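Just final_4.pdb here, PDB, N, CA and C atoms:
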ATOM      1  N   PHE A   1       4.680  -0.797 -10.831
ATOM      2  CA  PHE A   1       3.375  -0.882 -10.210
ATOM      3  C   PHE A   1       2.629  -2.079 -10.788
ATOM      4  N   TRP A   2       1.530  -2.422 -10.126
ATOM      5  CA  TRP A   2       0.687  -3.529 -10.599
ATOM      6  C   TRP A   2      -0.494  -2.942 -11.361
ATOM      7  N   LEU A   3      -0.781  -3.564 -12.490
ATOM      8  CA  LEU A   3      -1.869  -3.107 -13.351
ATOM      9  C   LEU A   3      -2.657  -4.323 -13.806
ATOM     10  N   ALA A   4      -3.884  -4.439 -13.333
ATOM     11  CA  ALA A   4      -4.775  -5.532 -13.725
ATOM     12  C   ALA A   4      -4.111  -6.896 -13.534
ATOM     13  N   GLY A   5      -3.430  -7.067 -12.401
ATOM     14  CA  GLY A   5      -2.852  -8.361 -12.060
ATOM     15  C   GLY A   5      -1.478  -8.654 -12.634
ATOM     16  N   ARG A   6      -0.852  -7.682 -13.253
ATOM     17  CA  ARG A   6       0.494  -7.906 -13.801
ATOM     18  C   ARG A   6       1.371  -6.699 -13.492
ATOM     19  N   GLN A   7       2.666  -6.933 -13.464
ATOM     20  CA  GLN A   7       3.581  -5.825 -13.257
ATOM     21  C   GLN A   7       3.628  -4.970 -14.506
ATOM     22  N   ALA A   8       3.696  -3.671 -14.316
ATOM     23  CA  ALA A   8       3.743  -2.742 -15.444
ATOM     24  C   ALA A   8       4.707  -1.606 -15.134
ATOM     25  N   THR A   9       5.117  -0.941 -16.172
ATOM     26  CA  THR A   9       5.977   0.233 -16.059
ATOM     27  C   THR A   9       5.338   1.343 -16.867
ATOM     28  N   GLY A  10       5.314   2.528 -16.292
ATOM     29  CA  GLY A  10       4.733   3.667 -16.988
ATOM     30  C   GLY A  10       5.696   4.263 -17.994
ATOM     31  N   GLU A  11       5.205   5.249 -18.697
ATOM     32  CA  GLU A  11       6.032   5.927 -19.704
ATOM     33  C   GLU A  11       7.021   6.889 -19.064
ATOM     34  N   GLY A  12       6.700   7.375 -17.886
ATOM     35  CA  GLY A  12       7.562   8.340 -17.223
ATOM     36  C   GLY A  12       7.989   7.860 -15.852
ATOM     37  N   THR A  13       8.899   8.599 -15.245
ATOM     38  CA  THR A  13       9.342   8.291 -13.890
ATOM     39  C   THR A  13       9.313   9.560 -13.055
ATOM     40  N   LEU A  14       9.341   9.366 -11.762
ATOM     41  CA  LEU A  14       9.383  10.470 -10.811
ATOM     42  C   LEU A  14      10.495  10.170  -9.821
ATOM     43  N   ASP A  15      11.449  11.074  -9.701
ATOM     44  CA  ASP A  15      12.515  10.922  -8.727
ATOM     45  C   ASP A  15      12.021  11.415  -7.378
ATOM     46  N   VAL A  16      12.203  10.598  -6.358
ATOM     47  CA  VAL A  16      11.799  10.950  -5.001
ATOM     48  C   VAL A  16      13.058  11.369  -4.246
ATOM     49  N   THR A  17      13.030  12.563  -3.681
ATOM     50  CA  THR A  17      14.177  13.061  -2.933
ATOM     51  C   THR A  17      13.760  13.386  -1.504
ATOM     52  N   SER A  18      14.696  13.262  -0.606
ATOM     53  CA  SER A  18      14.436  13.561   0.792
ATOM     54  C   SER A  18      14.357  15.068   0.985
ATOM     55  N   PRO A  19      13.299  15.561   1.622
ATOM     56  CA  PRO A  19      13.221  16.999   1.886
ATOM     57  C   PRO A  19      14.222  17.425   2.960
ATOM     58  N   TRP A  20      14.723  16.457   3.693
ATOM     59  CA  TRP A  20      15.664  16.745   4.773
ATOM     60  C   TRP A  20      17.035  17.139   4.242
ATOM     61  N   ASP A  21      17.561  16.287   3.316
ATOM     62  CA  ASP A  21      18.919  16.541   2.836
ATOM     63  C   ASP A  21      19.051  16.546   1.313
ATOM     64  N   GLY A  22      17.931  16.365   0.612
ATOM     65  CA  GLY A  22      17.942  16.427  -0.848
ATOM     66  C   GLY A  22      18.485  15.206  -1.547
ATOM     67  N   ARG A  23      18.873  14.177  -0.790
ATOM     68  CA  ARG A  23      19.420  12.984  -1.439
ATOM     69  C   ARG A  23      18.321  12.200  -2.146
ATOM     70  N   ALA A  24      18.736  11.461  -3.173
ATOM     71  CA  ALA A  24      17.792  10.620  -3.909
ATOM     72  C   ALA A  24      17.375   9.447  -3.032
ATOM     73  N   VAL A  25      16.080   9.254  -2.915
ATOM     74  CA  VAL A  25      15.528   8.153  -2.137
ATOM     75  C   VAL A  25      15.139   7.008  -3.058
ATOM     76  N   GLY A  26      14.653   7.350  -4.238
ATOM     77  CA  GLY A  26      14.240   6.331  -5.189
ATOM     78  C   GLY A  26      13.620   6.950  -6.418
ATOM     79  N   THR A  27      13.265   6.089  -7.333
ATOM     80  CA  THR A  27      12.583   6.496  -8.558
ATOM     81  C   THR A  27      11.368   5.607  -8.726
ATOM     82  N   VAL A  28      10.247   6.216  -9.021
ATOM     83  CA  VAL A  28       9.019   5.453  -9.217
ATOM     84  C   VAL A  28       8.510   5.648 -10.639
ATOM     85  N   SER A  29       7.827   4.645 -11.117
ATOM     86  CA  SER A  29       7.235   4.696 -12.447
ATOM     87  C   SER A  29       5.882   5.400 -12.362
ATOM     88  N   VAL A  30       5.592   6.253 -13.316
ATOM     89  CA  VAL A  30       4.334   6.995 -13.349
ATOM     90  C   VAL A  30       3.469   6.424 -14.473
ATOM     91  N   PRO A  31       2.274   5.949 -14.141
ATOM     92  CA  PRO A  31       1.427   5.379 -15.186
ATOM     93  C   PRO A  31       0.945   6.436 -16.180
ATOM     94  N   SER A  32       0.737   5.978 -17.395
ATOM     95  CA  SER A  32       0.183   6.860 -18.423
ATOM     96  C   SER A  32      -1.324   6.985 -18.211
ATOM     97  N   GLU A  33      -1.915   7.922 -18.911
ATOM     98  CA  GLU A  33      -3.377   8.078 -18.843
ATOM     99  C   GLU A  33      -4.074   6.797 -19.287
ATOM    100  N   ALA A  34      -3.552   6.161 -20.330
ATOM    101  CA  ALA A  34      -4.139   4.906 -20.822
ATOM    102  C   ALA A  34      -4.040   3.801 -19.771
ATOM    103  N   GLN A  35      -2.938   3.758 -19.040
ATOM    104  CA  GLN A  35      -2.787   2.747 -18.000
ATOM    105  C   GLN A  35      -3.749   2.986 -16.839
ATOM    106  N   VAL A  36      -3.991   4.236 -16.511
ATOM    107  CA  VAL A  36      -4.967   4.547 -15.467
ATOM    108  C   VAL A  36      -6.350   4.099 -15.919
ATOM    109  N   GLU A  37      -6.692   4.388 -17.151
ATOM    110  CA  GLU A  37      -7.989   3.953 -17.694
ATOM    111  C   GLU A  37      -8.099   2.434 -17.684
ATOM    112  N   GLU A  38      -7.019   1.754 -18.040
ATOM    113  CA  GLU A  38      -7.023   0.287 -18.031
ATOM    114  C   GLU A  38      -7.247  -0.244 -16.613
ATOM    115  N   ALA A  39      -6.619   0.384 -15.629
ATOM    116  CA  ALA A  39      -6.791  -0.040 -14.239
ATOM    117  C   ALA A  39      -8.233   0.126 -13.779
ATOM    118  N   VAL A  40      -8.829   1.249 -14.132
ATOM    119  CA  VAL A  40     -10.225   1.497 -13.757
ATOM    120  C   VAL A  40     -11.143   0.480 -14.443
ATOM    121  N   ALA A  41     -10.908   0.230 -15.721
ATOM    122  CA  ALA A  41     -11.727  -0.739 -16.458
ATOM    123  C   ALA A  41     -11.573  -2.145 -15.879
ATOM    124  N   ALA A  42     -10.350  -2.528 -15.508
ATOM    125  CA  ALA A  42     -10.117  -3.859 -14.940
ATOM    126  C   ALA A  42     -10.824  -3.997 -13.591
ATOM    127  N   ALA A  43     -10.769  -2.957 -12.764
ATOM    128  CA  ALA A  43     -11.459  -2.994 -11.478
ATOM    129  C   ALA A  43     -12.973  -3.073 -11.678
ATOM    130  N   HIS A  44     -13.473  -2.323 -12.619
ATOM    131  CA  HIS A  44     -14.910  -2.338 -12.917
ATOM    132  C   HIS A  44     -15.349  -3.716 -13.407
ATOM    133  N   ALA A  45     -14.506  -4.373 -14.181
ATOM    134  CA  ALA A  45     -14.860  -5.679 -14.751
ATOM    135  C   ALA A  45     -15.025  -6.760 -13.687
ATOM    136  N   VAL A  46     -14.355  -6.627 -12.549
ATOM    137  CA  VAL A  46     -14.435  -7.662 -11.515
ATOM    138  C   VAL A  46     -15.282  -7.236 -10.314
ATOM    139  N   ARG A  47     -16.005  -6.137 -10.454
ATOM    140  CA  ARG A  47     -16.746  -5.614  -9.311
ATOM    141  C   ARG A  47     -17.771  -6.600  -8.760
ATOM    142  N   GLU A  48     -18.492  -7.290  -9.613
ATOM    143  CA  GLU A  48     -19.513  -8.231  -9.125
ATOM    144  C   GLU A  48     -18.873  -9.449  -8.478
ATOM    145  N   GLU A  49     -17.801  -9.943  -9.079
ATOM    146  CA  GLU A  49     -17.079 -11.081  -8.504
ATOM    147  C   GLU A  49     -16.518 -10.703  -7.120
ATOM    148  N   PHE A  50     -15.939  -9.522  -7.030
ATOM    149  CA  PHE A  50     -15.389  -9.097  -5.752
ATOM    150  C   PHE A  50     -16.484  -8.904  -4.710
ATOM    151  N   ALA A  51     -17.597  -8.330  -5.109
ATOM    152  CA  ALA A  51     -18.702  -8.102  -4.177
ATOM    153  C   ALA A  51     -19.238  -9.421  -3.620
ATOM    154  N   ALA A  52     -19.094 -10.497  -4.390
ATOM    155  CA  ALA A  52     -19.573 -11.804  -3.960
ATOM    156  C   ALA A  52     -18.547 -12.572  -3.121
ATOM    157  N   THR A  53     -17.377 -12.000  -2.920
ATOM    158  CA  THR A  53     -16.351 -12.658  -2.121
ATOM    159  C   THR A  53     -16.844 -12.795  -0.685
ATOM    160  N   PRO A  54     -16.771 -13.997  -0.121
ATOM    161  CA  PRO A  54     -17.242 -14.184   1.256
ATOM    162  C   PRO A  54     -16.473 -13.302   2.246
ATOM    163  N   ALA A  55     -17.158 -12.901   3.294
ATOM    164  CA  ALA A  55     -16.565 -12.007   4.293
ATOM    165  C   ALA A  55     -15.298 -12.593   4.897
ATOM    166  N   HIS A  56     -15.280 -13.902   5.143
ATOM    167  CA  HIS A  56     -14.089 -14.483   5.770
ATOM    168  C   HIS A  56     -12.875 -14.424   4.845
ATOM    169  N   VAL A  57     -13.097 -14.450   3.546
ATOM    170  CA  VAL A  57     -11.988 -14.340   2.589
ATOM    171  C   VAL A  57     -11.453 -12.912   2.580
ATOM    172  N   ARG A  58     -12.350 -11.939   2.581
ATOM    173  CA  ARG A  58     -11.917 -10.536   2.637
ATOM    174  C   ARG A  58     -11.187 -10.254   3.946
ATOM    175  N   ALA A  59     -11.710 -10.799   5.047
ATOM    176  CA  ALA A  59     -11.064 -10.604   6.350
ATOM    177  C   ALA A  59      -9.668 -11.225   6.357
ATOM    178  N   ALA A  60      -9.523 -12.395   5.774
ATOM    179  CA  ALA A  60      -8.211 -13.054   5.722
ATOM    180  C   ALA A  60      -7.215 -12.224   4.913
ATOM    181  N   ALA A  61      -7.672 -11.618   3.828
ATOM    182  CA  ALA A  61      -6.788 -10.779   3.019
ATOM    183  C   ALA A  61      -6.334  -9.557   3.817
ATOM    184  N   LEU A  62      -7.245  -8.954   4.554
ATOM    185  CA  LEU A  62      -6.897  -7.789   5.376
ATOM    186  C   LEU A  62      -5.957  -8.179   6.519
ATOM    187  N   ASP A  63      -6.189  -9.343   7.116
ATOM    188  CA  ASP A  63      -5.280  -9.850   8.148
ATOM    189  C   ASP A  63      -3.879 -10.065   7.574
ATOM    190  N   HIS A  64      -3.817 -10.578   6.363
ATOM    191  CA  HIS A  64      -2.528 -10.812   5.705
ATOM    192  C   HIS A  64      -1.765  -9.497   5.539
ATOM    193  N   VAL A  65      -2.450  -8.467   5.076
ATOM    194  CA  VAL A  65      -1.797  -7.161   4.906
ATOM    195  C   VAL A  65      -1.297  -6.665   6.257
ATOM    196  N   SER A  66      -2.098  -6.788   7.287
ATOM    197  CA  SER A  66      -1.707  -6.339   8.616
ATOM    198  C   SER A  66      -0.449  -7.075   9.089
ATOM    199  N   ARG A  67      -0.413  -8.383   8.925
ATOM    200  CA  ARG A  67       0.758  -9.169   9.336
ATOM    201  C   ARG A  67       2.004  -8.779   8.555
ATOM    202  N   ARG A  68       1.854  -8.581   7.260
ATOM    203  CA  ARG A  68       3.011  -8.201   6.433
ATOM    204  C   ARG A  68       3.537  -6.826   6.816
ATOM    205  N   LEU A  69       2.652  -5.904   7.155
ATOM    206  CA  LEU A  69       3.098  -4.591   7.626
ATOM    207  C   LEU A  69       3.912  -4.728   8.911
ATOM    208  N   VAL A  70       3.454  -5.581   9.819
ATOM    209  CA  VAL A  70       4.195  -5.811  11.060
ATOM    210  C   VAL A  70       5.582  -6.362  10.748
ATOM    211  N   GLU A  71       5.655  -7.338   9.852
ATOM    212  CA  GLU A  71       6.929  -7.960   9.488
ATOM    213  C   GLU A  71       7.913  -6.954   8.906
ATOM    214  N   ARG A  72       7.398  -5.962   8.212
ATOM    215  CA  ARG A  72       8.263  -5.012   7.500
ATOM    216  C   ARG A  72       8.217  -3.609   8.107
ATOM    217  N   THR A  73       7.814  -3.517   9.373
ATOM    218  CA  THR A  73       7.653  -2.211  10.019
ATOM    219  C   THR A  73       8.890  -1.333   9.881
ATOM    220  N   GLU A  74      10.048  -1.864  10.222
ATOM    221  CA  GLU A  74      11.251  -1.036  10.210
ATOM    222  C   GLU A  74      11.583  -0.560   8.799
ATOM    223  N   GLU A  75      11.476  -1.450   7.836
ATOM    224  CA  GLU A  75      11.741  -1.085   6.432
ATOM    225  C   GLU A  75      10.798   0.023   5.964
ATOM    226  N   ILE A  76       9.524  -0.137   6.251
ATOM    227  CA  ILE A  76       8.531   0.848   5.819
ATOM    228  C   ILE A  76       8.726   2.170   6.553
ATOM    229  N   ALA A  77       9.015   2.096   7.851
ATOM    230  CA  ALA A  77       9.234   3.321   8.630
ATOM    231  C   ALA A  77      10.435   4.096   8.089
ATOM    232  N   ARG A  78      11.487   3.402   7.755
ATOM    233  CA  ARG A  78      12.676   4.080   7.212
ATOM    234  C   ARG A  78      12.379   4.696   5.846
ATOM    235  N   LEU A  79      11.556   4.016   5.050
ATOM    236  CA  LEU A  79      11.170   4.568   3.757
ATOM    237  C   LEU A  79      10.322   5.830   3.940
ATOM    238  N   ILE A  80       9.361   5.774   4.836
ATOM    239  CA  ILE A  80       8.526   6.950   5.112
ATOM    240  C   ILE A  80       9.407   8.116   5.556
ATOM    241  N   SER A  81      10.333   7.835   6.459
ATOM    242  CA  SER A  81      11.228   8.871   6.959
ATOM    243  C   SER A  81      12.081   9.457   5.838
ATOM    244  N   ALA A  82      12.599   8.598   4.990
ATOM    245  CA  ALA A  82      13.466   9.064   3.902
ATOM    246  C   ALA A  82      12.716   9.922   2.896
ATOM    247  N   GLU A  83      11.477   9.549   2.597
ATOM    248  CA  GLU A  83      10.791  10.284   1.535
ATOM    249  C   GLU A  83      10.082  11.544   2.009
ATOM    250  N   ASN A  84       9.893  11.698   3.325
ATOM    251  CA  ASN A  84       9.241  12.944   3.755
ATOM    252  C   ASN A  84       9.931  13.653   4.912
ATOM    253  N   GLY A  85      11.045  13.111   5.389
ATOM    254  CA  GLY A  85      11.803  13.785   6.422
ATOM    255  C   GLY A  85      11.255  13.620   7.828
ATOM    256  N   LYS A  86      10.232  12.799   7.997
ATOM    257  CA  LYS A  86       9.636  12.562   9.312
ATOM    258  C   LYS A  86      10.626  11.763  10.169
ATOM    259  N   PRO A  87      10.723  12.038  11.461
ATOM    260  CA  PRO A  87      11.581  11.213  12.316
ATOM    261  C   PRO A  87      11.150   9.746  12.268
ATOM    262  N   VAL A  88      12.118   8.836  12.303
ATOM    263  CA  VAL A  88      11.821   7.402  12.203
ATOM    264  C   VAL A  88      10.863   6.972  13.314
ATOM    265  N   LYS A  89      11.021   7.531  14.495
ATOM    266  CA  LYS A  89      10.134   7.185  15.617
ATOM    267  C   LYS A  89       8.680   7.464  15.247
ATOM    268  N   TRP A  90       8.431   8.606  14.641
ATOM    269  CA  TRP A  90       7.061   8.953  14.236
ATOM    270  C   TRP A  90       6.603   8.084  13.075
ATOM    271  N   ALA A  91       7.519   7.768  12.173
ATOM    272  CA  ALA A  91       7.176   6.911  11.036
ATOM    273  C   ALA A  91       6.775   5.520  11.527
ATOM    274  N   ARG A  92       7.451   5.023  12.554
ATOM    275  CA  ARG A  92       7.055   3.723  13.126
ATOM    276  C   ARG A  92       5.617   3.796  13.647
ATOM    277  N   GLY A  93       5.277   4.921  14.255
ATOM    278  CA  GLY A  93       3.900   5.104  14.723
ATOM    279  C   GLY A  93       2.906   5.101  13.576
ATOM    280  N   GLU A  94       3.297   5.686  12.458
ATOM    281  CA  GLU A  94       2.437   5.701  11.276
ATOM    282  C   GLU A  94       2.209   4.275  10.758
ATOM    283  N   VAL A  95       3.271   3.481  10.744
ATOM    284  CA  VAL A  95       3.128   2.087  10.313
ATOM    285  C   VAL A  95       2.234   1.338  11.297
ATOM    286  N   GLY A  96       2.437   1.583  12.582
ATOM    287  CA  GLY A  96       1.589   0.938  13.591
ATOM    288  C   GLY A  96       0.120   1.283  13.408
ATOM    289  N   ARG A  97      -0.140   2.517  13.049
ATOM    290  CA  ARG A  97      -1.525   2.925  12.791
ATOM    291  C   ARG A  97      -2.085   2.183  11.581
ATOM    292  N   ALA A  98      -1.279   2.020  10.538
ATOM    293  CA  ALA A  98      -1.729   1.280   9.357
ATOM    294  C   ALA A  98      -2.050  -0.170   9.726
ATOM    295  N   VAL A  99      -1.215  -0.768  10.574
ATOM    296  CA  VAL A  99      -1.469  -2.138  11.041
ATOM    297  C   VAL A  99      -2.827  -2.191  11.728
ATOM    298  N   SER A 100      -3.077  -1.225  12.612
ATOM    299  CA  SER A 100      -4.357  -1.189  13.335
ATOM    300  C   SER A 100      -5.533  -1.024  12.394
ATOM    301  N   VAL A 101      -5.399  -0.161  11.410
ATOM    302  CA  VAL A 101      -6.496   0.072  10.464
ATOM    303  C   VAL A 101      -6.846  -1.220   9.727
ATOM    304  N   PHE A 102      -5.841  -1.957   9.276
ATOM    305  CA  PHE A 102      -6.123  -3.213   8.574
ATOM    306  C   PHE A 102      -6.716  -4.260   9.518
ATOM    307  N   ARG A 103      -6.274  -4.284  10.758
ATOM    308  CA  ARG A 103      -6.872  -5.217  11.735
ATOM    309  C   ARG A 103      -8.335  -4.872  11.991
ATOM    310  N   PHE A 104      -8.591  -3.578  12.186
ATOM    311  CA  PHE A 104      -9.979  -3.140  12.410
ATOM    312  C   PHE A 104     -10.849  -3.473  11.200
ATOM    313  N   ALA A 105     -10.317  -3.247  10.003
ATOM    314  CA  ALA A 105     -11.075  -3.537   8.791
ATOM    315  C   ALA A 105     -11.363  -5.035   8.682
ATOM    316  N   ALA A 106     -10.407  -5.866   9.063
ATOM    317  CA  ALA A 106     -10.620  -7.321   9.021
ATOM    318  C   ALA A 106     -11.750  -7.711   9.972
ATOM    319  N   GLU A 107     -11.756  -7.123  11.163
ATOM    320  CA  GLU A 107     -12.827  -7.419  12.108
ATOM    321  C   GLU A 107     -14.185  -6.962  11.580
ATOM    322  N   GLU A 108     -14.217  -5.794  10.970
ATOM    323  CA  GLU A 108     -15.479  -5.325  10.394
ATOM    324  C   GLU A 108     -15.939  -6.222   9.254
ATOM    325  N   ALA A 109     -14.997  -6.718   8.460
ATOM    326  CA  ALA A 109     -15.369  -7.626   7.367
ATOM    327  C   ALA A 109     -16.018  -8.898   7.913
ATOM    328  N   ARG A 110     -15.568  -9.331   9.059
ATOM    329  CA  ARG A 110     -16.154 -10.544   9.670
ATOM    330  C   ARG A 110     -17.576 -10.296  10.179
ATOM    331  N   ARG A 111     -17.866  -9.059  10.506
ATOM    332  CA  ARG A 111     -19.205  -8.728  11.014
ATOM    333  C   ARG A 111     -20.170  -8.559   9.870
TER
END

If you took the structure in this file and wrote it as structure tokens, what would it be?
Amino acid sequence: FWLAGRQATGEGTLDVTSPWDGRAVGTVSVPSEAQVEEAVAAAHAVREEFAATPAHVRAAALDHVSRRLVERTEEIARLISAENGKPVKWARGEVGRAVSVFRFAAEEARR
């Protein structure tokens, strides 16, 4: 995971298994309590700088996320399906909804 602008690894891990067939889907790192506190403190430290970010910059960042989701739709849909057993067709719809949410947010940032 990312922690205050750098890659980090937690003290523990969590194995993700498919509810459909029980196979291992992946392993994720779980942050420690101290790492969570560090993340909150880092976010708090940049709150004024972030609040001063021009709307067009925030909108561009949201547009970027939306475009990247589109580029990786199939990969993300398959991951969603694997980790929760949802049909891939429905998972694609979930990714499409996420794309729309980021597009809508970008438009609101411009307003």

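Note that DSSP on the backbone gives strand (DSSP E or B) to these residues of chain A: Trp2, Leu3, Arg6, Gln7, Gly12, Thr13, Leu14, Asp15, Val16, Thr17, Ala24, Val25, Gly26, Thr27, Val28, Ser29 and Val30 of chain A.
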
Determine, counting only N, CA and C atoms, which protein, DNA and RNA residues have an atom within 7 Å of an atom of A:Val25; residues of the same chain fewer than 2 positions away are not included. Present the result as a list in words.
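Result of the neighbour search: Asp15, Val16, Thr17, Ser18, Gly22, Arg23, Thr27, Ala82 and Glu83 of chain A.
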
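Environment of (10.0, 4.5, -16.5): residues at most 7 Å away, judged by all atoms listed in the file, are Thr9, Gly10, Glu11, Gly12, Thr13, Leu14, Val28, Ser29 and Val30 of chain A.
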
List the residues matched by the PyMOL selection byres ((chain A and resi 62-70) around 6) in the displayed structure as a PyMOL selection string, ordered by chain and then by residue number.
chain A and resi 58-61+71-73+99+102-103+106

Answer as a list in words, residues within 6 Å of (8.6, 1.2, 14.5) using only N, CA and C atoms
Thr73, Glu74, Ala91, Arg92 and Gly93 of chain A

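Separating atom C of A:Val36 from atom C of A:Thr53 is a distance of 25.1 Å.
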
Determine the residue membership of the PyMOL selection byres (((chain A and resi 39 and name CA) around 12) and name CA) for the file above and supply it as a PyMOL selection string.
chain A and resi 1-8+31-38+40-46

May I ask for the distance between atom CA of A:Leu79 and atom CA of A:Ala24, given in Å to one decimal place?
11.8 Å

What gap, in Å, lies between atom CA of A:Trp20 and atom CA of A:Gly85?
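These two atoms are separated by 5.1 Å.
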
Please return as JSON, numbers by chain: the residues of chain A that backbone DSSP assigns to helix (DSSP H, G or I).
{"A": [33, 34, 35, 36, 37, 38, 39, 40, 41, 42, 43, 44, 45, 47, 48, 49, 50, 51, 55, 56, 57, 58, 59, 60, 61, 62, 63, 64, 65, 66, 67, 68, 69, 70, 71, 73, 74, 75, 76, 77, 78, 79, 80, 81, 82, 83, 84, 88, 89, 90, 91, 92, 93, 94, 95, 96, 97, 98, 99, 100, 101, 102, 103, 104, 105, 106, 107, 108, 109, 110]}
